[in-house]
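Colleague: One structure, as structure tokens, below. Some questions next.
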Amino acid sequence: MYLTKTRLAYVALFVVLILALPLADPDYFWHLKTGEYIVTQRALPAGDVFSFTHAGQPWVLHEWLFEVLLFGAFANAGSFGVKLLTALLAMATLGVVFVLTRRLGQSAPLAVALVVCGAFVLAGGWTPRPQLVTYLLFAVFLSILLHAKYDGARRALYALPLLMVLWVNFHGGYVIGIALTGLFTGAEWLTYWFGATRTPAQRRRLVELTLIALATLLASLVNPEFVGHWLYPFQVLGMEANRAIQEWQSPNFHAIGPKLYLLLCAVFVLAQIYATRKADLTELLIPVFFLFNGFISVRHIPLAALTLIPFIALVLARGTTAACAARWQGSRLGRAYASATGGGKQLGQGAEGILNWIVLFVIVGMLALYEPLLRANAEKQAAALPAGAADYVIAHRIGGNMFNGYGDGGYLIYRLAPARKVVIDGRADMYGDKFFQDYQDIYFGTADWKAKFDRLAIDFAILDNDAPIRQLLLAEGSFRQAYRDRRHSVLLRAIPRQAALSGK
């Protein structure tokens with residue numbers, strides 16, 4: 001019966017994701033536009049095609065395969081296709097983690113509780129961006145490695161190099177897969193060398209694992225940049241600009257996602273303290289490594305959660321909760337629960353199957369009734385995009401060099417490219433630290449902003465109404481406001497060819 005409820009909950013969450021996902025992430029839009037470019041041009045861009053400040057600049061296309069997939073979903077089914085793709089990747093990740101947790105010996109109720117907690121932790125990353133593929137493939141890599149360790153399923157290891165060929169072209173997060181495989185292999189060797197017994201069979205298994213890890217590393221060379229792609233993740237991690245981007249900052253533990261992550265960390269630590277069997281080096285090194293990284297950056301929290309869940313399940317299944325389980329089963333509430341669920345049937349069998357289908361239809365029906373509220377929330381988030389400003393620029397055929405907010409760059413690429421190019425967008429790695437700092441100085445009106453702004457030869461600007469640079473340009477008098485809505489404004493340089501528009 002519990003498996004039936006799990007399936008119903010899984011279907012319900014899938015439907016909620018499709019209905020509730022807002023397509024308002026700025027990076028989603030430039031990913032979509034890049035996919036369109038690749039498909040229509042049948043080639044990868046040789047350099048930047050979206051900004052006038054870095055036109056032709058070398059651009060590491062570490063996400064091109066996802067961008068093609070994203071555009072394919074949009075071209076065939078519109079926004080629904082994008083939401084469906086996003087929901088499928090998110091639910092596939094949770095499904096892999098649930099199956100792994102159950103395989104490690106955990107009961108279905110606790111497995112569901114752990115996965116649901118993980119789902120809330122991951123919720124902030126459920127946007128149509130390529131890290132969704134990293135979450136899924138990371139979960140698959142971890143599942144294969146642990147399946148080989150505990151169940152002897154060594155043949156599945158040979159899938160890792162093949163999966164890496166996909167991963168390296170889907171997202172720059174492929175380096176996490178290499179790190180996981182290398183860390184697992186190194187920890188297993190250390191466990192072998194410092195273990196009480198060492199057998200030839202163990203050594204052969206470890207040699208095989210090492211060769212597969214090496215093959216996985218070499219498989220990452222199958223990408224448009226070849227060896228140069230190996231430098232990209234380190235370039236991104238070493239950028240000063242990342243400190244100004246929220247997802248690269250340390251987590252805010254006032255938010256629900258980081259709070260649940262702290263809960264997972266606490267459960268893992270307590271489970272290790274009260275474990276009846278000490279963990280080996282692999283079982284400590286891997287979760288602690290990703291746990292630590294989760295405290296460094298918000299972006300790493302989903303991977304840390306995906307790691308902690310199966311290792312928590314493993315420790316609990318080894319007897320940490322044996323005494324608690326015995327007390328539960330002997331309690332009046334536990335006996336009542338066992339009596340109520342012991343004779344249940346699976347979905348589709350008899351009256352209970354019919355009842356479960358009724359429950360499913362009720363859930364879907366309630367979600368359908370709730371859909372207008374979900375749509376209103378999505379529309380509220382979409383209202384934060386400079387849609388009206390982009391419409392104005394298109395309608396009045398405004399051209400020239402554009403200045404824009406960093407967070408709006410992706411959307412403006414989607415709406416205005418290739419006729420108009422942005423000054424900056426979410427591809428901070430391509431723009432580099434120096435340009436990003438100059439842009440920050442201009443936007444916030446610091447460090448000789450006027451001279452830096454003049455060098456860009458800006459003709460018009462699309463800015464948040466509360467942007468410091470907007471107030472400075474209006475006060476200075478060289479720009480006039482041509483359009484304004486609740487969130488954004490269009491400013492035009494006060495020159496004759498645009499003077500007629502500046503009063504509208």
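Going by the structure tokens order, chains are called A, B, ..., each with residues numbered from 1, while ligands are numbered from 1 in the order shown.
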Using only C-alpha atoms, determine which residues lie at most 12 Å from A:Gly173, disregarding the query and same-chain residues fewer than 3 positions distant; provide the list as a ChimeraX atom specification.
Modeller: /A:62-63,129-138,164,166-170,176-180,220,229-230,232-234,236-237,299-300,303
Colleague: Got time to write the residues from that selection, C-alpha atoms, as a short mmCIF file (atom, residue, chain, number, x, y, z; two decimals), in the first residue's frame?
Modeller:
data_model
loop_
_atom_site.label_atom_id
_atom_site.label_comp_id
_atom_site.auth_asym_id
_atom_site.auth_seq_id
_atom_site.Cartn_x
_atom_site.Cartn_y
_atom_site.Cartn_z
CA HIS A 62 29.93 23.89 -22.19
CA GLU A 63 26.11 23.62 -22.31
CA ARG A 129 18.88 25.43 -16.82
CA PRO A 130 21.57 22.83 -17.58
CA GLN A 131 22.42 22.14 -13.94
CA LEU A 132 19.30 19.97 -13.91
CA VAL A 133 21.26 17.50 -16.03
CA THR A 134 24.15 17.71 -13.56
CA TYR A 135 21.79 16.85 -10.70
CA LEU A 136 20.46 13.83 -12.58
CA LEU A 137 23.80 12.50 -13.79
CA PHE A 138 25.38 13.08 -10.39
CA MET A 164 30.53 11.41 -19.15
CA LEU A 166 26.96 13.31 -22.52
CA TRP A 167 27.62 15.19 -19.29
CA VAL A 168 30.61 17.17 -20.58
CA ASN A 169 28.46 18.52 -23.45
CA PHE A 170 25.40 19.16 -21.31
CA ILE A 176 31.72 17.06 -10.29
CA GLY A 177 31.33 13.62 -11.86
CA ILE A 178 35.09 13.33 -12.30
CA ALA A 179 35.64 14.49 -8.71
CA LEU A 180 33.09 12.01 -7.37
CA SER A 220 35.47 14.27 -20.83
CA HIS A 229 37.46 22.46 -21.54
CA TRP A 230 39.30 21.13 -18.49
CA TYR A 232 36.86 26.13 -17.72
CA PRO A 233 35.54 24.98 -14.28
CA PHE A 234 38.67 26.28 -12.54
CA VAL A 236 34.79 30.00 -13.17
CA LEU A 237 35.60 29.03 -9.57
CA ARG A 299 25.01 26.35 -5.87
CA HIS A 300 26.58 23.30 -4.20
CA LEU A 303 24.65 18.12 -4.82
#
Colleague: Got a sec: who's within 7 Å of A:Asp408, counting only C-alpha atoms, leaving out chain neighbours fewer than 3 positions off, as a PyMOL selection string?
Modeller: chain A and resi 26+385+404-405+411-412
Colleague: Which polymer residues have any atom within 10 Å of an atom of A:Ala90, counting only C-alpha atoms, with same-chain residues fewer than 3 positions away left out, as a ChimeraX atom specification?
Modeller: /A:14,17,84-87,93-95,119,122-123,125-128,132-133,135-136
Colleague: Between A:Ala219, A:Ala384, A:Ala419, A:Ala467, which one has atoms that come closest to A:Gln440, using only C-alpha atoms?
Modeller: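 Result for the nearest residue to A:Gln440: A:Ala467.
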Colleague: If you count only C-alpha atoms, which residues fall within 12 Å of A:Asp425, apart from same-chain ones fewer than 2 positions away, as an MDAnalysis selection string?
Modeller: chainID A and resid 26:31 48 50:54 245 402:414 421:423 427:432 435:436 439
Colleague: Please extract the residues of stretch 84-152 of chain A with a backbone DSSP assignment of alpha helix (DSSP H) and present them as number ranges by chain.
Modeller: A: 84-103, 108-122, 131-151
Colleague: One decimal, Å: what's the distance from atom CA of A:Gly172 over to atom CA of A:Asn223, could you say?
Modeller: 10.8 Å
Colleague: For A:Ala153, work out the shell of residues within 12 Å, counting only C-alpha atoms and skipping chain neighbours fewer than 4 positions away, then give it as a PyMOL selection string.
Modeller: chain A and resi 143-149+157-159+205+209
Colleague: For stretch 262-266 of chain A, please output as a PDB file with N, CA, C and O atoms, in the first residue's frame all residues within 12 Å (counting only C-alpha atoms; exclusion window: fewer than 3 positions along the same chain).
Modeller:
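Saved to part-v2.pdb:
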ATOM      1  N   ALA A 113      10.458  10.169   3.186  1.00  0.00           N
ATOM      2  CA  ALA A 113      10.711  11.354   4.008  1.00  0.00           C
ATOM      3  C   ALA A 113      12.032  12.018   3.620  1.00  0.00           C
ATOM      4  O   ALA A 113      12.108  13.251   3.495  1.00  0.00           O
ATOM      5  N   LEU A 114      13.068  11.214   3.413  1.00  0.00           N
ATOM      6  CA  LEU A 114      14.371  11.763   3.037  1.00  0.00           C
ATOM      7  C   LEU A 114      14.319  12.424   1.665  1.00  0.00           C
ATOM      8  O   LEU A 114      14.862  13.518   1.465  1.00  0.00           O
ATOM      9  N   VAL A 115      13.654  11.769   0.716  1.00  0.00           N
ATOM     10  CA  VAL A 115      13.582  12.309  -0.644  1.00  0.00           C
ATOM     11  C   VAL A 115      12.736  13.571  -0.684  1.00  0.00           C
ATOM     12  O   VAL A 115      13.063  14.529  -1.395  1.00  0.00           O
ATOM     13  N   VAL A 116      11.649  13.607   0.080  1.00  0.00           N
ATOM     14  CA  VAL A 116      10.819  14.814   0.124  1.00  0.00           C
ATOM     15  C   VAL A 116      11.611  15.982   0.710  1.00  0.00           C
ATOM     16  O   VAL A 116      11.554  17.112   0.209  1.00  0.00           O
ATOM     17  N   CYS A 117      12.373  15.709   1.770  1.00  0.00           N
ATOM     18  CA  CYS A 117      13.243  16.745   2.341  1.00  0.00           C
ATOM     19  C   CYS A 117      14.245  17.226   1.289  1.00  0.00           C
ATOM     20  O   CYS A 117      14.458  18.433   1.112  1.00  0.00           O
ATOM     21  N   GLY A 118      14.823  16.282   0.552  1.00  0.00           N
ATOM     22  CA  GLY A 118      15.746  16.646  -0.514  1.00  0.00           C
ATOM     23  C   GLY A 118      15.076  17.431  -1.622  1.00  0.00           C
ATOM     24  O   GLY A 118      15.678  18.339  -2.204  1.00  0.00           O
ATOM     25  N   ALA A 119      13.812  17.112  -1.909  1.00  0.00           N
ATOM     26  CA  ALA A 119      13.079  17.819  -2.959  1.00  0.00           C
ATOM     27  C   ALA A 119      12.928  19.294  -2.615  1.00  0.00           C
ATOM     28  O   ALA A 119      13.073  20.169  -3.478  1.00  0.00           O
ATOM     29  N   PHE A 120      12.658  19.592  -1.331  1.00  0.00           N
ATOM     30  CA  PHE A 120      12.544  20.986  -0.921  1.00  0.00           C
ATOM     31  C   PHE A 120      13.896  21.694  -0.994  1.00  0.00           C
ATOM     32  O   PHE A 120      13.971  22.873  -1.327  1.00  0.00           O
ATOM     33  N   VAL A 121      14.955  20.968  -0.672  1.00  0.00           N
ATOM     34  CA  VAL A 121      16.297  21.561  -0.763  1.00  0.00           C
ATOM     35  C   VAL A 121      16.629  21.887  -2.213  1.00  0.00           C
ATOM     36  O   VAL A 121      17.223  22.927  -2.516  1.00  0.00           O
ATOM     37  N   PRO A 251      25.175  30.138   1.732  1.00  0.00           N
ATOM     38  CA  PRO A 251      23.716  30.058   1.888  1.00  0.00           C
ATOM     39  C   PRO A 251      23.184  30.942   3.002  1.00  0.00           C
ATOM     40  O   PRO A 251      23.860  31.172   4.015  1.00  0.00           O
ATOM     41  N   ASN A 252      21.962  31.415   2.793  1.00  0.00           N
ATOM     42  CA  ASN A 252      21.235  32.172   3.819  1.00  0.00           C
ATOM     43  C   ASN A 252      20.359  31.186   4.583  1.00  0.00           C
ATOM     44  O   ASN A 252      19.340  30.714   4.074  1.00  0.00           O
ATOM     45  N   PHE A 253      20.732  30.874   5.811  1.00  0.00           N
ATOM     46  CA  PHE A 253      20.048  29.838   6.556  1.00  0.00           C
ATOM     47  C   PHE A 253      18.725  30.301   7.173  1.00  0.00           C
ATOM     48  O   PHE A 253      18.125  29.576   7.960  1.00  0.00           O
ATOM     49  N   HIS A 254      18.282  31.495   6.784  1.00  0.00           N
ATOM     50  CA  HIS A 254      16.934  31.914   7.146  1.00  0.00           C
ATOM     51  C   HIS A 254      15.904  31.359   6.159  1.00  0.00           C
ATOM     52  O   HIS A 254      14.715  31.300   6.474  1.00  0.00           O
ATOM     53  N   ALA A 255      16.355  30.974   4.961  1.00  0.00           N
ATOM     54  CA  ALA A 255      15.454  30.435   3.946  1.00  0.00           C
ATOM     55  C   ALA A 255      15.169  28.961   4.226  1.00  0.00           C
ATOM     56  O   ALA A 255      15.956  28.261   4.860  1.00  0.00           O
ATOM     57  N   ILE A 256      14.034  28.465   3.718  1.00  0.00           N
ATOM     58  CA  ILE A 256      13.592  27.109   4.026  1.00  0.00           C
ATOM     59  C   ILE A 256      14.519  26.056   3.442  1.00  0.00           C
ATOM     60  O   ILE A 256      14.807  25.041   4.090  1.00  0.00           O
ATOM     61  N   GLY A 257      15.009  26.274   2.214  1.00  0.00           N
ATOM     62  CA  GLY A 257      15.889  25.289   1.592  1.00  0.00           C
ATOM     63  C   GLY A 257      17.160  25.040   2.390  1.00  0.00           C
ATOM     64  O   GLY A 257      17.476  23.904   2.755  1.00  0.00           O
ATOM     65  N   PRO A 258      17.932  26.101   2.713  1.00  0.00           N
ATOM     66  CA  PRO A 258      19.120  25.916   3.542  1.00  0.00           C
ATOM     67  C   PRO A 258      18.818  25.353   4.932  1.00  0.00           C
ATOM     68  O   PRO A 258      19.631  24.619   5.495  1.00  0.00           O
ATOM     69  N   LYS A 259      17.660  25.702   5.498  1.00  0.00           N
ATOM     70  CA  LYS A 259      17.290  25.137   6.798  1.00  0.00           C
ATOM     71  C   LYS A 259      17.125  23.622   6.705  1.00  0.00           C
ATOM     72  O   LYS A 259      17.589  22.878   7.589  1.00  0.00           O
ATOM     73  N   VAL A 269      25.110  13.561  10.826  1.00  0.00           N
ATOM     74  CA  VAL A 269      26.075  13.548  11.926  1.00  0.00           C
ATOM     75  C   VAL A 269      25.573  12.683  13.077  1.00  0.00           C
ATOM     76  O   VAL A 269      26.315  11.854  13.630  1.00  0.00           O
ATOM     77  N   LEU A 270      24.309  12.849  13.444  1.00  0.00           N
ATOM     78  CA  LEU A 270      23.748  12.062  14.543  1.00  0.00           C
ATOM     79  C   LEU A 270      23.713  10.580  14.201  1.00  0.00           C
ATOM     80  O   LEU A 270      23.980   9.723  15.059  1.00  0.00           O
ATOM     81  N   ALA A 271      23.373  10.272  12.949  1.00  0.00           N
ATOM     82  CA  ALA A 271      23.335   8.869  12.532  1.00  0.00           C
ATOM     83  C   ALA A 271      24.721   8.239  12.640  1.00  0.00           C
ATOM     84  O   ALA A 271      24.861   7.081  13.058  1.00  0.00           O
ATOM     85  N   GLN A 272      25.748   9.003  12.281  1.00  0.00           N
ATOM     86  CA  GLN A 272      27.116   8.484  12.390  1.00  0.00           C
ATOM     87  C   GLN A 272      27.521   8.294  13.854  1.00  0.00           C
ATOM     88  O   GLN A 272      28.199   7.325  14.204  1.00  0.00           O
ATOM     89  N   ILE A 273      27.096   9.219  14.710  1.00  0.00           N
ATOM     90  CA  ILE A 273      27.459   9.130  16.129  1.00  0.00           C
ATOM     91  C   ILE A 273      26.864   7.881  16.774  1.00  0.00           C
ATOM     92  O   ILE A 273      27.522   7.176  17.545  1.00  0.00           O
ATOM     93  N   PRO A 287      30.492  11.971   1.659  1.00  0.00           N
ATOM     94  CA  PRO A 287      29.462  12.892   2.165  1.00  0.00           C
ATOM     95  C   PRO A 287      30.033  14.129   2.841  1.00  0.00           C
ATOM     96  O   PRO A 287      29.480  15.228   2.695  1.00  0.00           O
ATOM     97  N   VAL A 288      31.132  13.998   3.582  1.00  0.00           N
ATOM     98  CA  VAL A 288      31.719  15.154   4.257  1.00  0.00           C
ATOM     99  C   VAL A 288      32.258  16.159   3.233  1.00  0.00           C
ATOM    100  O   VAL A 288      32.128  17.376   3.414  1.00  0.00           O
ATOM    101  N   PHE A 290      31.140  16.776   0.139  1.00  0.00           N
ATOM    102  CA  PHE A 290      30.044  17.536  -0.471  1.00  0.00           C
ATOM    103  C   PHE A 290      29.281  18.348   0.567  1.00  0.00           C
ATOM    104  O   PHE A 290      28.766  19.427   0.258  1.00  0.00           O
ATOM    105  N   LEU A 291      29.196  17.854   1.798  1.00  0.00           N
ATOM    106  CA  LEU A 291      28.571  18.616   2.884  1.00  0.00           C
ATOM    107  C   LEU A 291      29.316  19.934   3.091  1.00  0.00           C
ATOM    108  O   LEU A 291      28.699  21.002   3.210  1.00  0.00           O
ATOM    109  N   PHE A 292      30.635  19.855   3.129  1.00  0.00           N
ATOM    110  CA  PHE A 292      31.452  21.051   3.315  1.00  0.00           C
ATOM    111  C   PHE A 292      31.243  22.047   2.176  1.00  0.00           C
ATOM    112  O   PHE A 292      31.110  23.255   2.399  1.00  0.00           O
ATOM    113  N   GLY A 294      28.635  22.430   0.396  1.00  0.00           N
ATOM    114  CA  GLY A 294      27.316  23.028   0.513  1.00  0.00           C
ATOM    115  C   GLY A 294      27.302  24.258   1.397  1.00  0.00           C
ATOM    116  O   GLY A 294      26.481  25.165   1.206  1.00  0.00           O
ATOM    117  N   PHE A 295      28.222  24.327   2.363  1.00  0.00           N
ATOM    118  CA  PHE A 295      28.309  25.498   3.223  1.00  0.00           C
ATOM    119  C   PHE A 295      29.063  26.642   2.549  1.00  0.00           C
ATOM    120  O   PHE A 295      28.952  27.789   2.971  1.00  0.00           O
ATOM    121  N   ILE A 301      24.632  23.225  -2.728  1.00  0.00           N
ATOM    122  CA  ILE A 301      23.725  22.581  -1.774  1.00  0.00           C
ATOM    123  C   ILE A 301      22.949  21.415  -2.389  1.00  0.00           C
ATOM    124  O   ILE A 301      22.825  20.352  -1.769  1.00  0.00           O
ATOM    125  N   PRO A 302      22.386  21.548  -3.608  1.00  0.00           N
ATOM    126  CA  PRO A 302      21.663  20.406  -4.186  1.00  0.00           C
ATOM    127  C   PRO A 302      22.519  19.145  -4.292  1.00  0.00           C
ATOM    128  O   PRO A 302      22.045  18.037  -3.986  1.00  0.00           O
ATOM    129  N   ALA A 304      25.106  18.404  -2.447  1.00  0.00           N
ATOM    130  CA  ALA A 304      25.337  17.916  -1.091  1.00  0.00           C
ATOM    131  C   ALA A 304      24.134  17.137  -0.590  1.00  0.00           C
ATOM    132  O   ALA A 304      24.278  16.078   0.030  1.00  0.00           O
ATOM    133  N   ALA A 305      22.929  17.637  -0.859  1.00  0.00           N
ATOM    134  CA  ALA A 305      21.717  16.941  -0.426  1.00  0.00           C
ATOM    135  C   ALA A 305      21.580  15.587  -1.114  1.00  0.00           C
ATOM    136  O   ALA A 305      21.228  14.583  -0.480  1.00  0.00           O
ATOM    137  N   LEU A 306      21.871  15.545  -2.412  1.00  0.00           N
ATOM    138  CA  LEU A 306      21.793  14.286  -3.157  1.00  0.00           C
ATOM    139  C   LEU A 306      22.791  13.263  -2.631  1.00  0.00           C
ATOM    140  O   LEU A 306      22.570  12.058  -2.737  1.00  0.00           O
ATOM    141  N   THR A 307      23.893  13.743  -2.058  1.00  0.00           N
ATOM    142  CA  THR A 307      24.897  12.844  -1.478  1.00  0.00           C
ATOM    143  C   THR A 307      24.496  12.371  -0.091  1.00  0.00           C
ATOM    144  O   THR A 307      24.632  11.186   0.246  1.00  0.00           O
ATOM    145  N   LEU A 308      23.990  13.286   0.718  1.00  0.00           N
ATOM    146  CA  LEU A 308      23.680  12.958   2.103  1.00  0.00           C
ATOM    147  C   LEU A 308      22.533  11.956   2.224  1.00  0.00           C
ATOM    148  O   LEU A 308      22.562  11.072   3.088  1.00  0.00           O
ATOM    149  N   ILE A 309      21.529  12.078   1.370  1.00  0.00           N
ATOM    150  CA  ILE A 309      20.336  11.226   1.501  1.00  0.00           C
ATOM    151  C   ILE A 309      20.685   9.738   1.471  1.00  0.00           C
ATOM    152  O   ILE A 309      20.298   8.992   2.383  1.00  0.00           O
ATOM    153  N   PRO A 310      21.387   9.224   0.455  1.00  0.00           N
ATOM    154  CA  PRO A 310      21.687   7.786   0.455  1.00  0.00           C
ATOM    155  C   PRO A 310      22.611   7.355   1.587  1.00  0.00           C
ATOM    156  O   PRO A 310      22.468   6.242   2.120  1.00  0.00           O
ATOM    157  N   PHE A 311      23.547   8.209   1.982  1.00  0.00           N
ATOM    158  CA  PHE A 311      24.446   7.817   3.066  1.00  0.00           C
ATOM    159  C   PHE A 311      23.728   7.827   4.422  1.00  0.00           C
ATOM    160  O   PHE A 311      24.051   7.023   5.300  1.00  0.00           O
ATOM    161  N   ILE A 312      22.771   8.718   4.596  1.00  0.00           N
ATOM    162  CA  ILE A 312      21.928   8.662   5.789  1.00  0.00           C
ATOM    163  C   ILE A 312      21.132   7.366   5.800  1.00  0.00           C
ATOM    164  O   ILE A 312      21.048   6.669   6.826  1.00  0.00           O
ATOM    165  N   ALA A 313      20.554   7.032   4.655  1.00  0.00           N
ATOM    166  CA  ALA A 313      19.775   5.798   4.554  1.00  0.00           C
ATOM    167  C   ALA A 313      20.631   4.576   4.859  1.00  0.00           C
ATOM    168  O   ALA A 313      20.182   3.629   5.525  1.00  0.00           O
TER     169      ALA A 313
END
Colleague: At a cut-off of 10 Å, using only C-alpha atoms, what residues contact A:Gly81? Leave out same-chain residues fewer than 5 positions from it and give the result as a list of chain:residue names.
Modeller: A:Ile18, A:Leu70, A:Phe71, A:Gly72, A:Ala73, A:Phe74, A:Ala75, A:Asn76, A:Thr86, A:Ala87
